[in-house]
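*Asks:* For reference, this is data29.cif, and it has mmCIF, C-alpha atoms.
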data_my_file
loop_
_atom_site.label_atom_id
_atom_site.label_comp_id
_atom_site.auth_asym_id
_atom_site.auth_seq_id
_atom_site.Cartn_x
_atom_site.Cartn_y
_atom_site.Cartn_z
CA MET A 20 120.43 95.50 89.52
CA SER A 21 122.00 96.57 92.79
CA TYR A 22 122.71 100.04 94.14
CA ASP A 23 125.24 102.21 92.35
CA ASP A 24 128.43 102.71 94.33
CA SER A 25 128.10 105.64 96.71
CA TYR A 26 128.84 106.48 100.32
CA TYR A 27 125.20 105.77 101.10
CA ALA A 28 125.20 102.37 99.40
CA ARG A 29 128.39 101.43 101.27
CA THR A 30 126.95 102.44 104.65
CA ARG A 31 123.31 101.43 104.27
CA THR A 32 121.46 99.31 106.72
CA GLU A 33 120.63 95.81 105.58
CA ALA A 34 118.28 96.02 102.59
CA ASP A 35 115.56 93.40 102.41
CA VAL A 36 115.55 91.40 99.20
CA ARG A 37 112.16 91.79 97.53
CA PRO A 38 111.31 89.52 94.60
CA PRO A 39 109.91 90.74 91.28
CA LEU A 40 106.23 90.39 90.54
CA VAL A 41 105.31 87.10 88.90
CA GLY A 42 101.69 86.44 87.98
CA GLU A 43 98.55 88.50 88.37
CA LEU A 44 97.08 90.32 91.36
CA GLU A 45 94.36 92.79 92.21
CA THR A 46 94.68 95.76 94.50
CA GLU A 47 93.07 99.09 95.29
CA VAL A 48 96.15 101.18 94.45
CA CYS A 49 99.32 100.50 92.49
CA VAL A 50 102.22 102.87 93.10
CA VAL A 51 104.94 102.94 90.44
CA GLY A 52 108.33 104.04 91.76
CA GLY A 53 110.23 103.17 94.93
CA GLY A 54 111.69 106.60 95.62
CA LEU A 55 110.42 108.77 98.43
CA ALA A 56 107.41 110.11 96.51
CA GLY A 57 106.16 106.60 95.91
CA LEU A 58 107.15 105.27 99.32
CA ASN A 59 105.51 108.14 101.20
CA THR A 60 102.30 107.75 99.19
CA ALA A 61 102.27 104.00 99.77
CA LEU A 62 102.96 104.38 103.49
CA GLY A 63 100.11 106.88 103.86
CA LEU A 64 97.71 104.56 102.04
CA ALA A 65 98.78 101.45 103.93
CA GLU A 66 98.37 103.23 107.26
CA LYS A 67 94.81 104.09 106.22
CA GLY A 68 94.06 100.44 105.49
CA ILE A 69 94.04 100.84 101.69
CA LYS A 70 95.24 97.73 99.88
CA THR A 71 98.35 98.94 98.02
CA VAL A 72 101.11 97.48 95.87
CA LEU A 73 104.35 99.25 94.93
CA ILE A 74 106.52 98.24 91.99
CA GLU A 75 110.10 99.45 91.49
CA ALA A 76 112.24 98.89 88.40
CA ALA A 77 115.45 98.55 90.44
CA ARG A 78 115.72 98.72 94.24
CA VAL A 79 113.93 100.81 96.86
CA GLY A 80 115.73 104.17 97.02
CA PHE A 81 117.85 103.37 93.96
CA GLY A 82 117.40 106.78 92.32
CA ALA A 83 117.84 110.36 93.50
CA SER A 84 115.94 109.67 96.73
CA GLY A 85 118.73 107.44 97.97
CA ARG A 86 121.83 109.27 96.74
CA ASN A 87 121.36 113.01 97.36
CA GLY A 88 123.00 115.45 99.78
CA GLY A 89 120.76 114.46 102.70
CA PHE A 90 119.37 117.96 103.40
CA VAL A 91 115.88 118.04 104.94
CA GLY A 92 114.24 121.46 104.95
CA CYS A 93 111.26 123.60 104.02
CA GLY A 94 110.43 125.30 100.77
CA TYR A 95 110.69 124.55 97.06
CA SER A 96 113.18 124.91 94.24
CA GLN A 97 111.20 127.91 93.05
CA ASP A 98 111.70 131.08 95.08
CA MET A 99 108.84 131.95 97.41
CA GLY A 100 108.83 135.51 96.09
CA VAL A 101 108.09 134.21 92.59
CA LEU A 102 105.28 132.03 93.96
CA GLU A 103 103.84 134.97 95.87
CA GLN A 104 103.79 137.15 92.76
CA ARG A 105 102.10 134.46 90.72
CA LEU A 106 99.64 133.06 93.24
CA GLY A 107 99.19 135.67 95.95
CA LEU A 108 100.47 135.53 99.50
CA ASP A 109 97.78 133.25 100.95
CA HIS A 110 98.28 130.55 98.32
CA ALA A 111 102.07 130.78 98.57
CA ARG A 112 101.86 130.58 102.37
CA GLY A 113 99.64 127.51 102.10
CA LEU A 114 102.22 125.79 99.90
CA HIS A 115 105.04 126.68 102.27
CA ASP A 116 103.09 125.45 105.29
CA LEU A 117 102.80 122.04 103.65
CA THR A 118 106.59 121.73 103.65
CA ARG A 119 106.83 122.75 107.32
CA ASP A 120 104.29 120.05 108.18
CA ALA A 121 106.34 117.60 106.11
CA LEU A 122 109.47 118.43 108.11
CA ALA A 123 107.62 117.54 111.31
CA THR A 124 106.28 114.36 109.70
CA ILE A 125 109.77 113.21 108.73
CA ARG A 126 111.09 113.76 112.23
CA SER A 127 108.10 111.91 113.66
CA ARG A 128 108.55 108.94 111.32
CA ILE A 129 112.24 108.62 112.13
CA GLU A 130 111.38 108.41 115.81
CA ARG A 131 108.18 106.35 115.54
CA HIS A 132 109.65 103.72 113.23
CA ALA A 133 113.14 103.80 114.78
CA ILE A 134 114.77 104.53 111.40
CA ASP A 135 118.55 104.45 111.68
CA CYS A 136 119.34 107.31 109.29
CA GLY A 137 121.69 109.54 111.27
CA PRO A 138 123.36 111.80 111.82
CA ASN A 139 120.26 114.00 112.24
CA VAL A 140 122.08 117.19 113.21
CA SER A 141 119.84 120.26 113.00
CA GLY A 142 120.68 123.49 111.21
CA THR A 143 121.48 124.81 107.74
CA LEU A 144 123.76 127.71 106.88
CA VAL A 145 123.38 129.48 103.54
CA ALA A 146 126.62 131.37 102.91
CA SER A 147 126.73 134.31 100.52
CA TRP A 148 129.32 134.49 97.72
CA THR A 149 128.44 138.17 97.27
CA ASP A 150 128.77 141.18 99.53
CA ASN A 151 125.10 141.90 100.19
CA PRO A 152 124.36 141.98 103.95
CA ASP A 153 121.39 144.32 103.57
CA GLY A 154 119.81 141.99 101.03
CA LEU A 155 120.23 139.02 103.37
CA ARG A 156 118.66 140.94 106.24
CA ARG A 157 115.70 141.97 104.08
CA HIS A 158 115.22 138.36 102.97
CA ALA A 159 115.24 137.18 106.60
CA GLU A 160 112.72 139.84 107.63
CA ASP A 161 110.45 138.99 104.69
CA ALA A 162 110.59 135.25 105.43
CA HIS A 163 109.64 135.80 109.06
CA GLU A 164 106.87 138.29 108.35
CA LYS A 165 105.19 136.34 105.56
CA TYR A 166 105.96 132.70 106.32
CA GLY A 167 106.90 132.56 109.99
CA VAL A 168 110.40 131.34 109.13
CA THR A 169 113.25 132.30 111.44
CA LEU A 170 116.49 133.04 109.62
CA ASP A 171 119.36 134.35 111.72
CA PHE A 172 121.72 136.77 110.01
CA VAL A 173 125.35 135.69 110.46
CA ALA A 174 127.95 138.39 109.90
CA ARG A 175 131.16 137.36 108.16
CA GLU A 176 133.33 137.49 111.27
CA ARG A 177 130.97 135.16 113.12
CA LEU A 178 130.52 132.96 110.06
CA VAL A 179 134.27 132.39 109.81
CA GLU A 180 134.65 131.82 113.55
CA ASP A 181 131.63 129.60 114.19
CA TYR A 182 130.51 128.00 110.92
CA ALA A 183 132.75 127.98 107.85
CA SER A 184 136.19 129.51 107.38
CA SER A 185 136.30 130.16 103.66
CA PRO A 186 137.81 133.09 101.75
CA ARG A 187 134.89 132.81 99.33
CA TYR A 188 132.13 133.58 101.81
CA PHE A 189 130.81 136.90 103.01
CA ASP A 190 127.78 136.84 105.36
CA GLY A 191 125.10 134.18 105.70
CA LEU A 192 121.72 133.08 107.00
CA TYR A 193 121.19 130.25 109.47
CA LYS A 194 118.00 128.20 109.79
CA ALA A 195 117.74 126.04 112.91
CA GLU A 196 114.66 123.95 112.04
CA SER A 197 116.13 122.05 109.07
CA PHE A 198 118.29 118.95 109.58
CA GLN A 199 120.11 116.14 107.78
CA PHE A 200 119.85 112.39 107.37
CA HIS A 201 121.19 109.35 105.50
CA PRO A 202 118.72 109.37 102.59
CA LEU A 203 119.04 105.74 101.52
CA ASN A 204 118.61 104.45 105.06
CA TYR A 205 115.56 106.67 105.42
CA CYS A 206 114.08 105.19 102.21
CA LEU A 207 114.69 101.68 103.49
CA GLY A 208 113.13 102.56 106.84
CA ILE A 209 110.00 104.00 105.21
CA ALA A 210 109.70 100.90 103.04
CA ARG A 211 109.84 98.63 106.09
CA ALA A 212 107.28 100.78 107.93
CA ALA A 213 104.93 100.61 104.94
CA GLU A 214 105.33 96.84 104.65
CA ALA A 215 104.55 96.49 108.35
CA ALA A 216 101.32 98.41 107.64
CA GLY A 217 100.39 96.01 104.83
CA LEU A 218 102.12 97.30 101.68
CA LYS A 219 103.46 94.80 99.13
CA ILE A 220 106.68 95.85 97.37
CA PHE A 221 108.04 94.20 94.24
CA GLU A 222 111.57 95.19 93.18
CA HIS A 223 113.15 94.57 89.77
CA THR A 224 109.67 95.07 88.36
CA PRO A 225 109.64 97.79 85.69
CA LEU A 226 106.44 99.13 84.23
CA VAL A 227 106.01 97.90 80.64
CA SER A 228 102.58 99.22 79.64
CA LEU A 229 99.41 100.76 81.01
CA GLU A 230 95.72 100.47 80.25
CA ILE A 231 94.00 103.38 82.01
CA GLU A 232 90.80 104.01 80.02
CA GLN A 233 88.62 101.72 82.12
CA ALA A 234 87.68 102.03 85.78
CA GLU A 235 89.98 99.09 86.47
CA LYS A 236 93.50 100.05 85.43
CA GLN A 237 95.88 97.40 84.13
CA ILE A 238 99.59 97.66 84.85
CA GLU A 239 101.76 95.26 82.87
CA THR A 240 105.23 94.25 84.04
CA PRO A 241 107.70 91.83 82.39
CA ARG A 242 106.31 88.81 84.27
CA GLY A 243 103.10 90.05 85.80
CA LEU A 244 99.87 92.02 85.60
CA ILE A 245 98.27 94.23 88.23
CA ARG A 246 94.63 95.34 88.23
CA ALA A 247 93.93 98.41 90.34
CA ARG A 248 91.35 101.17 90.75
CA HIS A 249 94.08 103.77 91.16
CA ILE A 250 97.60 104.12 89.86
CA VAL A 251 100.19 106.59 91.16
CA LEU A 252 103.10 107.40 88.85
CA ALA A 253 106.07 108.49 90.98
CA CYS A 254 109.07 107.75 88.78
CA GLY A 255 110.80 111.15 88.71
CA GLY A 256 113.81 111.30 86.42
CA TYR A 257 113.65 107.55 85.86
CA GLY A 258 110.21 107.49 84.23
CA PRO A 259 109.61 104.70 81.69
CA GLY A 260 107.80 106.96 79.23
CA VAL A 261 104.73 104.75 78.84
CA LEU A 262 102.41 107.70 79.56
CA PRO A 263 103.81 110.65 77.55
CA GLU A 264 101.49 113.20 79.16
CA VAL A 265 103.35 112.59 82.43
CA SER A 266 106.88 111.64 81.41
CA SER A 267 107.29 114.45 78.87
CA ALA A 268 106.48 117.08 81.53
CA VAL A 269 109.82 116.70 83.31
CA LEU A 270 113.46 117.16 82.44
CA PRO A 271 115.83 114.51 83.80
CA VAL A 272 118.77 116.47 85.19
CA ALA A 273 121.91 114.90 86.66
CA THR A 274 123.67 116.22 89.72
CA TYR A 275 126.80 114.96 91.44
CA VAL A 276 127.92 114.10 94.94
CA MET A 277 131.18 112.88 96.44
CA ALA A 278 132.34 111.65 99.81
CA THR A 279 135.86 112.37 100.97
CA ALA A 280 138.00 109.99 102.94
CA PRO A 281 137.99 110.74 106.69
CA MET A 282 140.05 113.76 107.71
CA ASN A 283 141.60 114.56 111.06
CA ASP A 284 139.26 116.68 113.23
CA ASN A 285 141.95 119.31 113.73
CA VAL A 286 142.42 119.65 109.98
CA LEU A 287 138.75 119.61 109.03
CA GLY A 288 137.95 121.98 111.86
CA THR A 289 140.07 124.70 110.27
CA ALA A 290 137.50 124.80 107.47
CA ILE A 291 134.09 123.47 108.51
CA ARG A 292 133.45 124.49 112.10
CA LYS A 293 130.12 122.70 112.65
CA PRO A 294 128.73 119.47 111.18
CA ILE A 295 125.59 121.17 109.85
CA CYS A 296 124.21 121.45 106.33
CA ILE A 297 125.90 124.24 104.36
CA ALA A 298 124.97 125.66 100.98
CA ASP A 299 125.63 128.93 99.19
CA THR A 300 123.63 131.63 97.44
CA ARG A 301 124.77 130.96 93.88
CA GLY A 302 122.27 129.76 91.30
CA ALA A 303 124.73 126.95 90.56
CA GLY A 304 126.15 126.47 94.03
CA ASP A 305 127.59 123.77 96.27
CA TYR A 306 125.92 121.97 99.18
CA TYR A 307 127.72 119.85 101.74
CA ARG A 308 128.05 118.62 105.31
CA ALA A 309 130.78 117.19 107.51
CA LEU A 310 130.13 113.79 109.08
CA PRO A 311 131.18 112.68 112.58
CA ASP A 312 133.92 110.42 111.18
CA GLY A 313 135.68 113.30 109.39
CA ARG A 314 134.24 112.71 105.94
CA VAL A 315 132.60 115.46 103.93
CA ILE A 316 129.59 114.80 101.71
CA TRP A 317 129.89 117.39 98.92
CA GLY A 318 127.31 117.98 96.18
CA GLY A 319 127.03 120.31 93.23
CA ARG A 320 127.13 120.74 89.46
CA MET A 321 124.23 119.95 87.16
CA THR A 322 124.00 118.67 83.62
CA VAL A 323 121.52 117.02 81.27
CA ARG A 324 124.05 114.34 80.32
CA ASN A 325 123.12 110.85 81.46
CA SER A 326 126.56 109.38 82.07
CA LYS A 327 129.11 109.86 84.83
CA PRO A 328 131.93 112.23 83.76
CA PRO A 329 135.33 110.48 83.66
CA ARG A 330 137.01 113.16 85.82
CA LEU A 331 134.15 113.60 88.27
CA ALA A 332 136.16 112.90 91.43
CA HIS A 333 138.90 115.30 90.34
CA ASP A 334 136.41 118.05 89.46
CA MET A 335 134.39 117.68 92.67
CA LEU A 336 137.55 117.80 94.78
CA GLY A 337 138.52 120.95 92.92
CA ASP A 338 135.18 122.52 93.86
CA LEU A 339 135.81 121.74 97.54
CA LEU A 340 139.37 123.14 97.47
CA LYS A 341 138.16 126.32 95.78
CA VAL A 342 136.03 126.98 98.86
CA TYR A 343 138.48 125.55 101.42
CA PRO A 344 142.03 125.89 100.09
CA GLN A 345 143.40 125.02 103.56
CA LEU A 346 142.33 121.40 102.94
CA GLU A 347 144.76 121.02 100.03
CA GLY A 348 146.79 117.87 100.63
CA HIS A 349 144.36 116.61 103.28
CA ALA A 350 141.11 116.02 101.37
CA ALA A 351 140.88 113.01 99.08
CA VAL A 352 137.87 111.54 97.29
CA GLU A 353 136.72 108.16 98.51
CA THR A 354 133.77 107.79 96.15
CA SER A 355 131.78 109.97 93.77
CA TRP A 356 128.47 109.37 92.03
CA MET A 357 125.64 110.92 90.05
CA GLY A 358 121.89 110.92 90.44
CA THR A 359 119.07 111.90 88.10
CA MET A 360 116.52 114.37 89.39
CA SER A 361 113.35 115.51 87.62
CA TYR A 362 112.64 119.19 87.06
CA ALA A 363 109.62 120.95 85.60
CA ARG A 364 109.94 124.17 83.62
CA HIS A 365 108.17 126.02 86.43
CA ARG A 366 110.57 124.53 89.05
CA MET A 367 107.71 123.24 91.19
CA PRO A 368 106.58 119.71 92.04
CA GLN A 369 103.90 118.23 89.83
CA ILE A 370 101.34 116.63 92.14
CA GLY A 371 97.84 115.84 90.97
CA ARG A 372 95.32 113.76 89.09
CA LEU A 373 95.52 113.26 85.35
CA ARG A 374 92.13 111.60 85.08
CA GLU A 375 89.92 109.43 87.23
CA GLY A 376 92.12 106.98 89.11
CA VAL A 377 95.40 108.18 87.54
CA TRP A 378 97.68 110.23 89.80
CA TYR A 379 101.20 111.60 89.45
CA ALA A 380 103.97 112.90 91.72
CA GLN A 381 107.21 114.11 90.15
CA ALA A 382 109.55 117.09 89.52
CA PHE A 383 111.00 117.29 93.03
CA GLY A 384 114.50 118.28 91.90
CA GLY A 385 116.34 120.46 94.37
CA SER A 386 113.92 120.09 97.27
CA GLY A 387 112.90 116.46 97.25
CA MET A 388 113.31 115.35 100.84
CA GLY A 389 110.51 117.59 102.10
CA THR A 390 108.31 117.87 99.04
CA THR A 391 108.10 114.12 98.39
CA THR A 392 106.60 113.86 101.86
CA VAL A 393 104.11 116.59 100.91
CA ALA A 394 103.18 114.60 97.81
CA GLY A 395 102.75 111.36 99.72
CA ASP A 396 100.46 112.95 102.27
CA LEU A 397 98.34 114.78 99.67
CA LEU A 398 97.88 111.82 97.35
CA ALA A 399 97.23 109.31 100.12
CA THR A 400 94.53 111.48 101.67
CA ALA A 401 93.08 112.32 98.25
CA ILE A 402 92.70 108.66 97.31
CA ALA A 403 91.60 107.42 100.72
CA ASP A 404 89.54 110.35 102.01
CA GLY A 405 88.69 112.54 99.03
CA ASP A 406 90.88 115.35 100.39
CA ASP A 407 91.40 117.98 97.67
CA ARG A 408 94.43 119.83 99.08
CA TYR A 409 96.47 118.50 96.15
CA ARG A 410 94.70 121.17 94.10
CA LEU A 411 97.07 123.72 95.62
CA PHE A 412 99.49 122.44 92.96
CA GLU A 413 97.09 122.79 90.03
CA PRO A 414 98.85 125.97 88.76
CA PHE A 415 101.93 123.78 88.24
CA GLY A 416 100.56 121.18 85.89
CA LEU A 417 102.05 118.83 83.35
CA THR A 418 103.57 121.50 81.13
CA TRP A 419 105.61 119.99 78.28
CA ALA A 420 109.27 120.24 79.23
CA GLY A 421 110.48 120.68 75.66
CA GLY A 422 111.97 117.28 74.90
CA PRO A 423 115.56 117.47 73.57
CA PHE A 424 115.23 121.24 73.15
CA GLY A 425 114.20 121.53 76.79
CA ARG A 426 117.32 119.65 77.82
CA LEU A 427 119.50 121.99 75.79
CA ALA A 428 117.70 125.01 77.26
CA ALA A 429 118.17 123.67 80.80
CA GLN A 430 121.90 123.21 80.20
CA ALA A 431 122.16 126.72 78.76
CA ILE A 432 120.34 128.17 81.79
CA TYR A 433 122.72 126.38 84.15
CA TRP A 434 125.73 127.68 82.25
CA SER A 435 124.27 131.19 82.44
CA TYR A 436 123.89 130.80 86.21
CA GLN A 437 127.53 129.76 86.41
CA ALA A 438 128.64 132.77 84.36
CA GLN A 439 126.59 135.21 86.45
CA ASP A 440 127.78 133.63 89.69
CA TRP A 441 131.41 133.80 88.56
CA ALA A 442 131.21 137.44 87.49
CA THR A 443 129.47 138.64 90.65
CA ALA A 444 131.62 136.60 93.02
CA ARG A 445 134.83 137.70 91.29
CA ARG A 446 133.79 141.35 91.59
CA ASP A 447 133.05 141.16 95.32
CA PHE A 448 136.00 138.89 96.08
CA ASN A 449 138.39 141.33 94.41
CA LYS A 450 136.77 144.30 96.21
CA ARG A 451 137.33 142.58 99.55
CA ARG A 452 140.93 141.68 98.69
CA ILE A 453 141.71 145.28 97.74
CA SER A 454 140.03 146.55 100.91
CA THR A 455 142.02 144.10 103.04
CA THR A 456 145.28 145.15 101.39
CA LEU A 457 144.54 148.81 102.00
CA GLU A 458 143.70 148.16 105.64
CA GLN A 459 146.92 146.22 106.14
CA GLY A 460 148.87 149.02 104.44
CA SER A 461 147.42 151.63 106.77
#
I need this file expressed as structure tokens, please.
*Replies:*
Amino acid sequence: MSYDDSYYARTRTEADVRPPLVGELETEVCVVGGGLAGLNTALGLAEKGIKTVLIEAARVGFGASGRNGGFVGCGYSQDMGVLEQRLGLDHARGLHDLTRDALATIRSRIERHAIDCGPNVSGTLVASWTDNPDGLRRHAEDAHEKYGVTLDFVARERLVEDYASSPRYFDGLYKAESFQFHPLNYCLGIARAAEAAGLKIFEHTPLVSLEIEQAEKQIETPRGLIRARHIVLACGGYGPGVLPEVSSAVLPVATYVMATAPMNDNVLGTAIRKPICIADTRGAGDYYRALPDGRVIWGGRMTVRNSKPPRLAHDMLGDLLKVYPQLEGHAAVETSWMGTMSYARHRMPQIGRLREGVWYAQAFGGSGMGTTTVAGDLLATAIADGDDRYRLFEPFGLTWAGGPFGRLAAQAIYWSYQAQDWATARRDFNKRRISTTLEQGS
């Protein structure tokens, strides 16, 4: 199994060929899953001198970790205000601080291991589809006061002139500390760094069964057997289901990304003014970035279906042209793809210990680039040093995700977000159009 066709697969650095596991071996830790949660955990363990093996059913970075929008920032899918209400400010601040540390760790690893995963342009703009400048300012003030986050308010006139010229946008918030990368190349770079530190990686090695009742865990694969004191399950939306307590706690949710063909700078510049990460305030919004060669990586849409829609390229291009109608006739889809993320009902990562020697890291949907690094650091230090900071995530345990009914509920929630977004945006868009007409008439 090779990588699915995507812009990232087409432009990846050379991927080492790693053979499947054949035979038996013993190790201290076995990590299951070659996405960023597993890779970060394995790297942390290997750097601490812990004998570690990682098995991956397909290729390193094959899943959502290697085919997402490439945004690297702080925070979680769940709103910090919700976390604060549930946990208290100190606990919520502690969780947020972990993601800020992770951001610094990612930057450090790119530099220290010379990972070719650019462009690494800093900055993210969140553009509002609704006319709510006071709400944006209050949010920025609250983020700075409680979490030390600097969000610059960007008025519409400046947003259009300096960031994104779209008739759909009102005002926005800009965060300078976040940045972007090529996610698959970053996965491959972390894998190489971990191997240099002593990690053994076996690709095309799916997990078949587990025996976890004894102190020595047994991990069976199609052609091999691993004995380990610890096992880390980091399979996300691609979990094999051999441990229902873990796999049934997440919903596999598909999201979609496309890459356009290169556009002329003069044309693209009429729409996207800066090559930074851009998202919007809708519950079911778009996220995208312009690349130096004139391409646009555009992501959005969510569904619980597990197959690629036949008109995906057409629909994704339509989403782009809805935001930037001036690109009609200039933007064309070069490739489009889907990826499966894992979500928990509480919209927070699930990071912890199921029982002695059995650890899990999953449910990173929507914020995975930073939070998978959080998970890797917490689990590596827990296993190697007895660090108990992973307990910060104990309130977000392995809650049953609802099975097929959970998938239907998740789809219904997404549709409700779309309906609310459409109604609110239509109201404010029409208000602005009427106001503009009146001003022109006067």
*Asks:* So that each row is one residue of segment 57-134 of chain A with an atom at most 12 Å from segment 295-317 of chain A, can you give its shortest atom pair and the distance in Å to one decimal, using all atoms listed in the file, rows by chain and rising number, as JSON lines?
*Replies:*
{"residue": "A:Arg86", "atom": "CA", "partner": "A:Ile316", "partner_atom": "CA", "distance": 10.7}
{"residue": "A:Asn87", "atom": "CA", "partner": "A:Ile316", "partner_atom": "CA", "distance": 9.5}
{"residue": "A:Gly88", "atom": "CA", "partner": "A:Tyr307", "partner_atom": "CA", "distance": 6.7}
{"residue": "A:Gly89", "atom": "CA", "partner": "A:Cys296", "partner_atom": "CA", "distance": 8.6}
{"residue": "A:Phe90", "atom": "CA", "partner": "A:Cys296", "partner_atom": "CA", "distance": 6.6}
{"residue": "A:Val91", "atom": "CA", "partner": "A:Cys296", "partner_atom": "CA", "distance": 9.1}
{"residue": "A:Gly92", "atom": "CA", "partner": "A:Cys296", "partner_atom": "CA", "distance": 10.1}
{"residue": "A:Ser96", "atom": "CA", "partner": "A:Gly302", "partner_atom": "CA", "distance": 10.7}
{"residue": "A:Gln97", "atom": "CA", "partner": "A:Gly302", "partner_atom": "CA", "distance": 11.4}
{"residue": "A:Asp98", "atom": "CA", "partner": "A:Gly302", "partner_atom": "CA", "distance": 11.3}
*Asks:* Care to translate the PyMOL selection byres ((chain A and resi 259) around 12) into actual residues of this file, as JSON, numbers by chain?
*Replies:* {"A": [51, 52, 75, 76, 224, 225, 226, 227, 228, 229, 240, 252, 253, 254, 255, 256, 257, 258, 260, 261, 262, 263, 265, 266, 267, 271]}
*Asks:* Report as a list in words the residues that result from applying the PyMOL selection byres ((chain A and resi 397) around 10) to the structure here.
*Replies:*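 Written out, the selection comes to Asn59, Thr60, Gly63, Leu117, Ile370, Gly371, Ala380, Thr391, Thr392, Val393, Ala394, Gly395, Asp396, Leu398, Ala399, Thr400, Ala401, Ile402, Gly405, Asp406, Asp407, Arg408, Tyr409, Arg410 and Leu411 of chain A.
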*Asks:* Taking the file as shown, find all residues satisfying the PyMOL selection byres ((chain A and resi 274) around 8) and write them as a ChimeraX atom specification.
*Replies:* /A:272-273,275-276,318-322,357-360
*Asks:* State, in Å with one decimal place, the distance from atom CA of Pro241 of chain A to atom CA of Val269 of chain A.
*Replies:*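 Here the two named atoms are 25.0 Å from each other.
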*Asks:* Just to confirm, what's the straight-line distance from atom CA of Thr279 of chain A to atom CA of Arg292 of chain A in Å (one decimal)?
*Replies:* 16.6 Å
*Asks:* Please provide the set of residues having any atom within 6 Å of Phe198 of chain A, restricted to all atoms listed in the file, with same-chain residues fewer than 2 positions apart removed, written as a list in words.
*Replies:*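 Using all atoms listed in the file, the neighbours found are Val91, Asn139, Val140, Ser141 and Gly142 of chain A.
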*Asks:* Which residues are close to Tyr188 of chain A, i.e. within 7 Å by only C-alpha atoms, leaving aside same-chain residues fewer than 3 positions away? Reply as a list in words.
*Replies:*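 Listed by chain and then number, they are Ala146, Ser147, Trp148 and Ser185 of chain A.
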*Asks:* By how many Å are atom CA of Asn151 of chain A and atom CA of Arg364 of chain A apart?
*Replies:* 28.6 Å
*Asks:* Residues near Arg374 of chain A, anyone? I mean within 12 Å using all atoms listed in the file, not counting same-chain ones fewer than 2 positions away, as a ChimeraX atom specification.
*Replies:* /A:231-234,236,248-251,264-265,371-372,376-379
*Asks:* At a cut-off of 6 Å, using only C-alpha atoms, what residues contact segment 200-214 of chain A? Leave out same-chain residues fewer than 2 positions from it and give the result as a list of chain:residue names.
*Replies:*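 Those residues are A:Arg31, A:Leu62, A:Gly80, A:Gly85, A:Gly89, A:Ile134, A:Cys136, A:Gly137, A:Pro138, A:Asn139, A:Ala216, A:Gly217, A:Leu218.
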*Asks:* Any idea what's packed within 10 Å of Val179 of chain A, counting all atoms listed in the file, ignoring anything in its chain fewer than 5 positions away? Could you give it as a list in words?
*Replies:*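 Residues meeting the cut-off are Val173, Ala174, Ser184, Ser185, Pro186, Tyr188, Phe189, Asp190, Thr289, Ala290, Ile291 and Arg292 of chain A.
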*Asks:* With distances taken over all atoms listed in the file, which of A:Ile220, A:Lys194, A:Arg29, A:Tyr182 is nearest to Gly57 of chain A?
*Replies:*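 Checking each of A:Ile220, A:Lys194, A:Arg29, A:Tyr182 against Gly57 of chain A, counting all atoms listed in the file, the winner is A:Ile220.
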